[in-house]
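Source file: protein-v1.txt (compact mmCIF, C-alpha atoms)
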```
# COMPACT_ATOMS: atom_id res chain seq x y z
CA MET A 1 128.32 -273.46 142.52
CA ASP A 2 129.08 -270.29 144.46
CA PRO A 3 127.33 -267.14 143.31
CA PRO A 4 129.55 -264.64 141.49
CA ILE A 5 131.24 -262.12 143.78
CA LEU A 6 130.13 -258.61 143.04
CA GLY A 7 132.61 -255.89 143.84
CA ASP A 8 131.66 -252.97 146.07
CA ASP A 9 133.97 -250.70 144.11
CA ALA A 10 135.86 -250.95 140.84
CA TRP A 11 139.10 -249.31 139.79
CA ASP A 12 140.74 -249.42 136.38
CA ALA A 13 144.40 -248.62 137.07
CA GLY A 14 145.33 -248.97 133.40
CA ASP A 15 149.04 -249.60 132.90
CA MET A 16 150.04 -248.05 136.21
CA GLY A 17 152.55 -250.25 138.05
CA CYS A 18 155.10 -250.66 140.80
CA GLY A 19 154.97 -248.25 143.74
CA GLU A 20 152.35 -245.95 142.25
CA LEU A 21 149.91 -248.82 141.71
CA VAL A 22 150.11 -250.24 145.24
CA PHE A 23 150.17 -246.78 146.84
CA LEU A 24 146.91 -245.78 145.19
CA LEU A 25 145.50 -249.28 145.65
CA ALA A 26 146.06 -248.95 149.40
CA ARG A 27 144.13 -245.68 149.40
CA ARG A 28 141.33 -247.10 147.30
CA LEU A 29 140.93 -250.16 149.50
CA GLY A 30 141.27 -248.03 152.63
CA ALA A 31 138.17 -246.13 151.60
CA LEU A 32 136.11 -249.35 151.72
CA ARG A 33 134.62 -250.93 154.81
CA PRO A 34 136.18 -254.13 156.17
CA GLY A 35 135.00 -257.12 154.15
CA GLN A 36 134.05 -255.08 151.08
CA VAL A 37 135.51 -256.06 147.72
CA LEU A 38 137.39 -254.02 145.12
CA LYS A 39 137.44 -255.05 141.47
CA LEU A 40 140.83 -253.98 140.15
CA THR A 41 141.98 -253.89 136.56
CA ALA A 42 145.76 -253.47 136.12
CA THR A 43 147.59 -254.26 132.89
CA ASP A 44 151.16 -253.64 134.11
CA LEU A 45 153.46 -256.59 133.37
CA GLY A 46 154.51 -256.76 137.00
CA ALA A 47 150.99 -256.76 138.42
CA PRO A 48 150.40 -260.56 138.26
CA HIS A 49 153.28 -260.95 140.73
CA ASP A 50 152.85 -257.69 142.61
CA ILE A 51 149.18 -257.82 143.52
CA PRO A 52 149.39 -261.22 145.29
CA ALA A 53 152.61 -260.11 147.05
CA TRP A 54 150.98 -256.87 148.16
CA CYS A 55 147.97 -258.76 149.53
CA ARG A 56 150.25 -261.12 151.47
CA LEU A 57 152.17 -258.15 152.88
CA THR A 58 149.14 -256.11 153.89
CA GLY A 59 146.72 -258.84 154.94
CA HIS A 60 144.02 -257.98 152.40
CA ARG A 61 142.51 -261.04 150.78
CA LEU A 62 142.99 -261.80 147.11
CA LEU A 63 139.73 -263.51 146.20
CA GLY A 64 140.53 -263.95 142.54
CA ALA A 65 143.19 -263.16 139.98
CA GLU A 66 142.77 -263.46 136.25
CA PRO A 67 145.20 -260.83 134.97
CA PRO A 68 144.48 -258.07 134.29
CA HIS A 69 141.51 -258.50 136.66
CA TYR A 70 141.75 -258.94 140.42
CA LEU A 71 139.22 -259.16 143.25
CA ILE A 72 140.53 -257.93 146.58
CA GLN A 73 138.66 -258.01 149.86
CA ARG A 74 139.55 -255.41 152.46
CA LYS A 75 140.87 -256.94 155.66
CA GLU A 76 138.87 -256.73 158.86
CA SER A 77 140.96 -254.12 160.60
CA MET B 1 168.12 -272.48 157.08
CA ALA B 2 169.32 -270.44 154.12
CA GLY B 3 169.70 -266.73 154.49
CA LYS B 4 168.19 -264.31 151.98
CA LEU B 5 170.32 -262.01 149.88
CA CYS B 6 169.29 -259.41 147.32
CA VAL B 7 171.86 -258.14 144.84
CA SER B 8 170.59 -254.90 143.35
CA ILE B 9 172.14 -254.02 139.98
CA THR B 10 171.53 -250.70 138.23
CA HIS B 11 174.03 -250.86 135.37
CA ALA B 12 174.41 -252.63 132.05
CA LYS B 13 176.74 -251.58 129.23
CA ASP B 14 176.99 -248.11 130.79
CA ASP B 15 179.12 -249.72 133.53
CA ALA B 16 179.88 -253.33 132.59
CA ASP B 17 182.23 -253.62 135.54
CA LYS B 18 179.43 -253.08 138.07
CA ALA B 19 176.95 -255.25 136.13
CA THR B 20 179.48 -258.06 136.03
CA VAL B 21 180.61 -257.86 139.65
CA GLY B 22 176.99 -257.84 140.78
CA PHE B 23 176.46 -261.21 139.13
CA VAL B 24 179.78 -262.53 140.45
CA VAL B 25 178.60 -261.78 143.99
CA ALA B 26 175.17 -263.26 143.22
CA ASN B 27 176.87 -266.45 142.05
CA ALA B 28 178.89 -266.57 145.25
CA ALA B 29 175.65 -266.31 147.20
CA VAL B 30 173.83 -269.15 145.38
CA ALA B 31 176.97 -271.27 145.59
CA SER B 32 176.86 -270.66 149.34
CA ALA B 33 173.32 -272.05 149.50
CA GLN B 34 171.65 -268.67 150.04
CA ASP B 35 168.19 -267.77 148.76
CA THR B 36 169.42 -265.20 146.27
CA LEU B 37 167.61 -262.59 144.23
CA VAL B 38 169.11 -260.28 141.63
CA PHE B 39 167.03 -257.15 141.24
CA LEU B 40 167.63 -255.40 137.93
CA SER B 41 166.50 -251.79 137.77
CA THR B 42 167.12 -248.65 135.70
CA GLU B 43 169.73 -249.42 132.97
CA ALA B 44 170.30 -252.97 134.26
CA VAL B 45 166.90 -254.15 132.97
CA ARG B 46 168.55 -254.45 129.54
CA VAL B 47 170.52 -257.44 130.86
CA ALA B 48 167.22 -259.35 131.10
CA VAL B 49 166.71 -259.23 127.33
CA LYS B 50 168.02 -262.22 125.38
CA GLY B 51 171.22 -261.44 123.52
CA TYR B 52 171.97 -258.12 125.21
CA ALA B 53 174.71 -259.46 127.49
CA ASP B 54 176.35 -261.58 124.80
CA ASP B 55 179.10 -259.07 124.09
CA ILE B 56 179.79 -258.01 127.67
CA HIS B 57 183.03 -259.52 128.89
CA GLU B 58 184.75 -257.48 131.56
CA GLU B 59 188.47 -258.12 131.86
CA GLY B 60 189.29 -260.38 134.77
CA PHE B 61 185.83 -261.94 134.96
CA ALA B 62 183.79 -264.56 133.14
CA PRO B 63 181.52 -263.29 130.34
CA LEU B 64 178.31 -261.78 131.72
CA ARG B 65 176.13 -264.18 129.72
CA GLU B 66 177.87 -267.10 131.44
CA LEU B 67 177.53 -265.52 134.89
CA VAL B 68 173.81 -264.93 134.38
CA ALA B 69 173.24 -268.48 133.08
CA ASN B 70 175.15 -270.01 135.99
CA PHE B 71 173.21 -267.92 138.47
CA VAL B 72 169.87 -269.14 137.13
CA LYS B 73 171.08 -272.74 136.89
CA GLY B 74 172.16 -272.47 140.51
CA GLY B 75 168.64 -271.60 141.58
CA GLY B 76 168.93 -267.82 141.63
CA ARG B 77 165.97 -265.62 140.75
CA ILE B 78 166.04 -262.43 138.69
CA TYR B 79 163.43 -259.72 139.24
CA VAL B 80 163.16 -257.04 136.57
CA CYS B 81 161.78 -253.61 137.48
CA SER B 82 158.53 -253.22 135.58
CA PRO B 83 158.46 -249.42 135.03
CA CYS B 84 162.19 -249.40 134.15
CA PHE B 85 161.55 -252.09 131.51
CA LYS B 86 158.47 -250.35 130.14
CA LYS B 87 160.19 -246.96 129.99
CA ARG B 88 162.84 -248.41 127.70
CA ALA B 89 160.25 -250.07 125.45
CA LEU B 90 161.99 -253.44 125.74
CA ASP B 91 160.45 -256.70 124.53
CA ASP B 92 158.84 -258.70 127.35
CA GLN B 93 158.62 -261.70 125.01
CA ALA B 94 162.42 -261.83 124.86
CA LEU B 95 163.20 -262.26 128.54
CA ILE B 96 166.11 -264.48 129.52
CA GLU B 97 165.42 -267.67 131.45
CA GLY B 98 164.88 -267.08 135.15
CA ALA B 99 163.82 -263.44 134.78
CA THR B 100 160.45 -262.14 135.95
CA ILE B 101 159.06 -258.65 135.50
CA VAL B 102 157.82 -257.37 138.84
CA GLY B 103 156.88 -254.17 140.59
CA GLY B 104 157.85 -252.86 143.98
CA ALA B 105 155.59 -255.04 146.12
CA LYS B 106 157.28 -258.25 145.03
CA LEU B 107 160.71 -256.84 145.89
CA VAL B 108 159.45 -255.47 149.20
CA GLU B 109 158.06 -258.89 150.10
CA PHE B 110 161.49 -260.47 149.59
CA LEU B 111 163.33 -257.75 151.52
CA ALA B 112 160.77 -257.63 154.33
CA ALA B 113 161.37 -261.33 154.98
CA GLY B 114 164.77 -260.38 156.34
CA ALA B 115 166.96 -260.24 153.23
CA ALA B 116 170.25 -258.42 153.25
CA CYS B 117 170.89 -256.28 150.18
CA ILE B 118 174.03 -255.19 148.34
CA SER B 119 173.95 -252.73 145.46
CA TYR B 120 175.99 -252.28 142.30
```

Structure translated into structure tokens:
Amino acid sequence: MDPPILGDDAWDAGDMGCGELVFLLARRLGALRPGQVLKLTATDLGAPHDIPAWCRLTGHRLLGAEPPHYLIQRKES
Amino acid sequence: MAGKLCVSITHAKDDADKATVGFVVANAAVASAQDTLVFLSTEAVRVAVKGYADDIHEEGFAPLRELVANFVKGGGRIYVCSPCFKKRALDDQALIEGATIVGGAKLVEFLAAGAACISY
């Protein structure tokens, strides 16, 4: 069994959603080094669809998604 | 290969004509074998709640409930703007079939894949 992934940073976005959520998420992830992991909590109803879509669009890696919790790894460049 | 078309609708009972025509065009798109998305935002999110469209029947067109049902049966998808839905305190447990509450990234992903968009 793989060891649990520990996040390098955590952000509770509460019920923030849509453009505001991904805008601030981009900033938050941009502050990490490539390969580091952000633990995100987002309760917005759209987040279960939005977070995977945003990762596909930006190239960041969605390591895990159990709404409202998400693990996102910053892309290499 | 099917093209991608987004029909953006921003009205409900405040302008039943626009809400209806949006779905008429969306039905034309699915009937033409296009990958079609209806994006409901601002007032239009009300259309995604079961029962809301039941009494909308614009003269000269099929009832809105029928247009929406046909669109979904035809393979069309309906995205519902999350903050617009939340702002109006609507019931997410009462969504119509085929509707999904999403935020901006999901819409952007569809549009960025080369979708054309028409707005009502």

Shell of 7 Å around range 53-55 of chain B, only C-alpha atoms, local chain residues under 6 positions omitted, as a ChimeraX atom specification: /B:47,64-65

Any idea what's packed within 10 Å of Gly114 in chain B, counting only C-alpha atoms, ignoring anything in its chain fewer than 5 positions away? Could you give it as a PDB file with C-alpha atoms, keeping the file's coordinate frame?
```
ATOM      1  CA  GLY B   3     169.700-266.730 154.490  1.00  0.00           C
ATOM      2  CA  LYS B   4     168.190-264.310 151.980  1.00  0.00           C
ATOM      3  CA  LEU B   5     170.320-262.010 149.880  1.00  0.00           C
ATOM      4  CA  GLU B 109     158.060-258.890 150.100  1.00  0.00           C
TER       5      GLU B 109
END
```

With distances taken over all atoms listed in the file, which residue among B:Tyr120, B:Thr10, B:Ser82, B:Arg88 lies nearest Val24 in chain B? B:Tyr120

Return the neighbours of chain B among the residues of chain A, cut-off 8 Å, counting all atoms listed in the file, as a PDB file with C-alpha atoms, in the coordinates of the input.
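Wrote iface.pdb, looks like this:
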```pdb
ATOM      1  CA  GLY A  17     152.550-250.250 138.050  1.00  0.00           C
ATOM      2  CA  CYS A  18     155.100-250.660 140.800  1.00  0.00           C
ATOM      3  CA  GLY A  19     154.970-248.250 143.740  1.00  0.00           C
ATOM      4  CA  VAL A  22     150.110-250.240 145.240  1.00  0.00           C
ATOM      5  CA  ASP A  44     151.160-253.640 134.110  1.00  0.00           C
ATOM      6  CA  LEU A  45     153.460-256.590 133.370  1.00  0.00           C
ATOM      7  CA  GLY A  46     154.510-256.760 137.000  1.00  0.00           C
ATOM      8  CA  ALA A  47     150.990-256.760 138.420  1.00  0.00           C
ATOM      9  CA  HIS A  49     153.280-260.950 140.730  1.00  0.00           C
ATOM     10  CA  ASP A  50     152.850-257.690 142.610  1.00  0.00           C
ATOM     11  CA  ILE A  51     149.180-257.820 143.520  1.00  0.00           C
ATOM     12  CA  ALA A  53     152.610-260.110 147.050  1.00  0.00           C
ATOM     13  CA  TRP A  54     150.980-256.870 148.160  1.00  0.00           C
ATOM     14  CA  LEU A  57     152.170-258.150 152.880  1.00  0.00           C
TER      15      LEU A  57
END
```

Would you mind listing what lies within 9 Å of Leu32 in chain A as a list in words, with all atoms listed in the file counted and same-chain residues fewer than 3 positions away left out?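 The contact residues come out as Asp8, Asp9, Arg28, Leu29, Gly35, Gln36, Val37, Leu38 and Arg74 of chain A.
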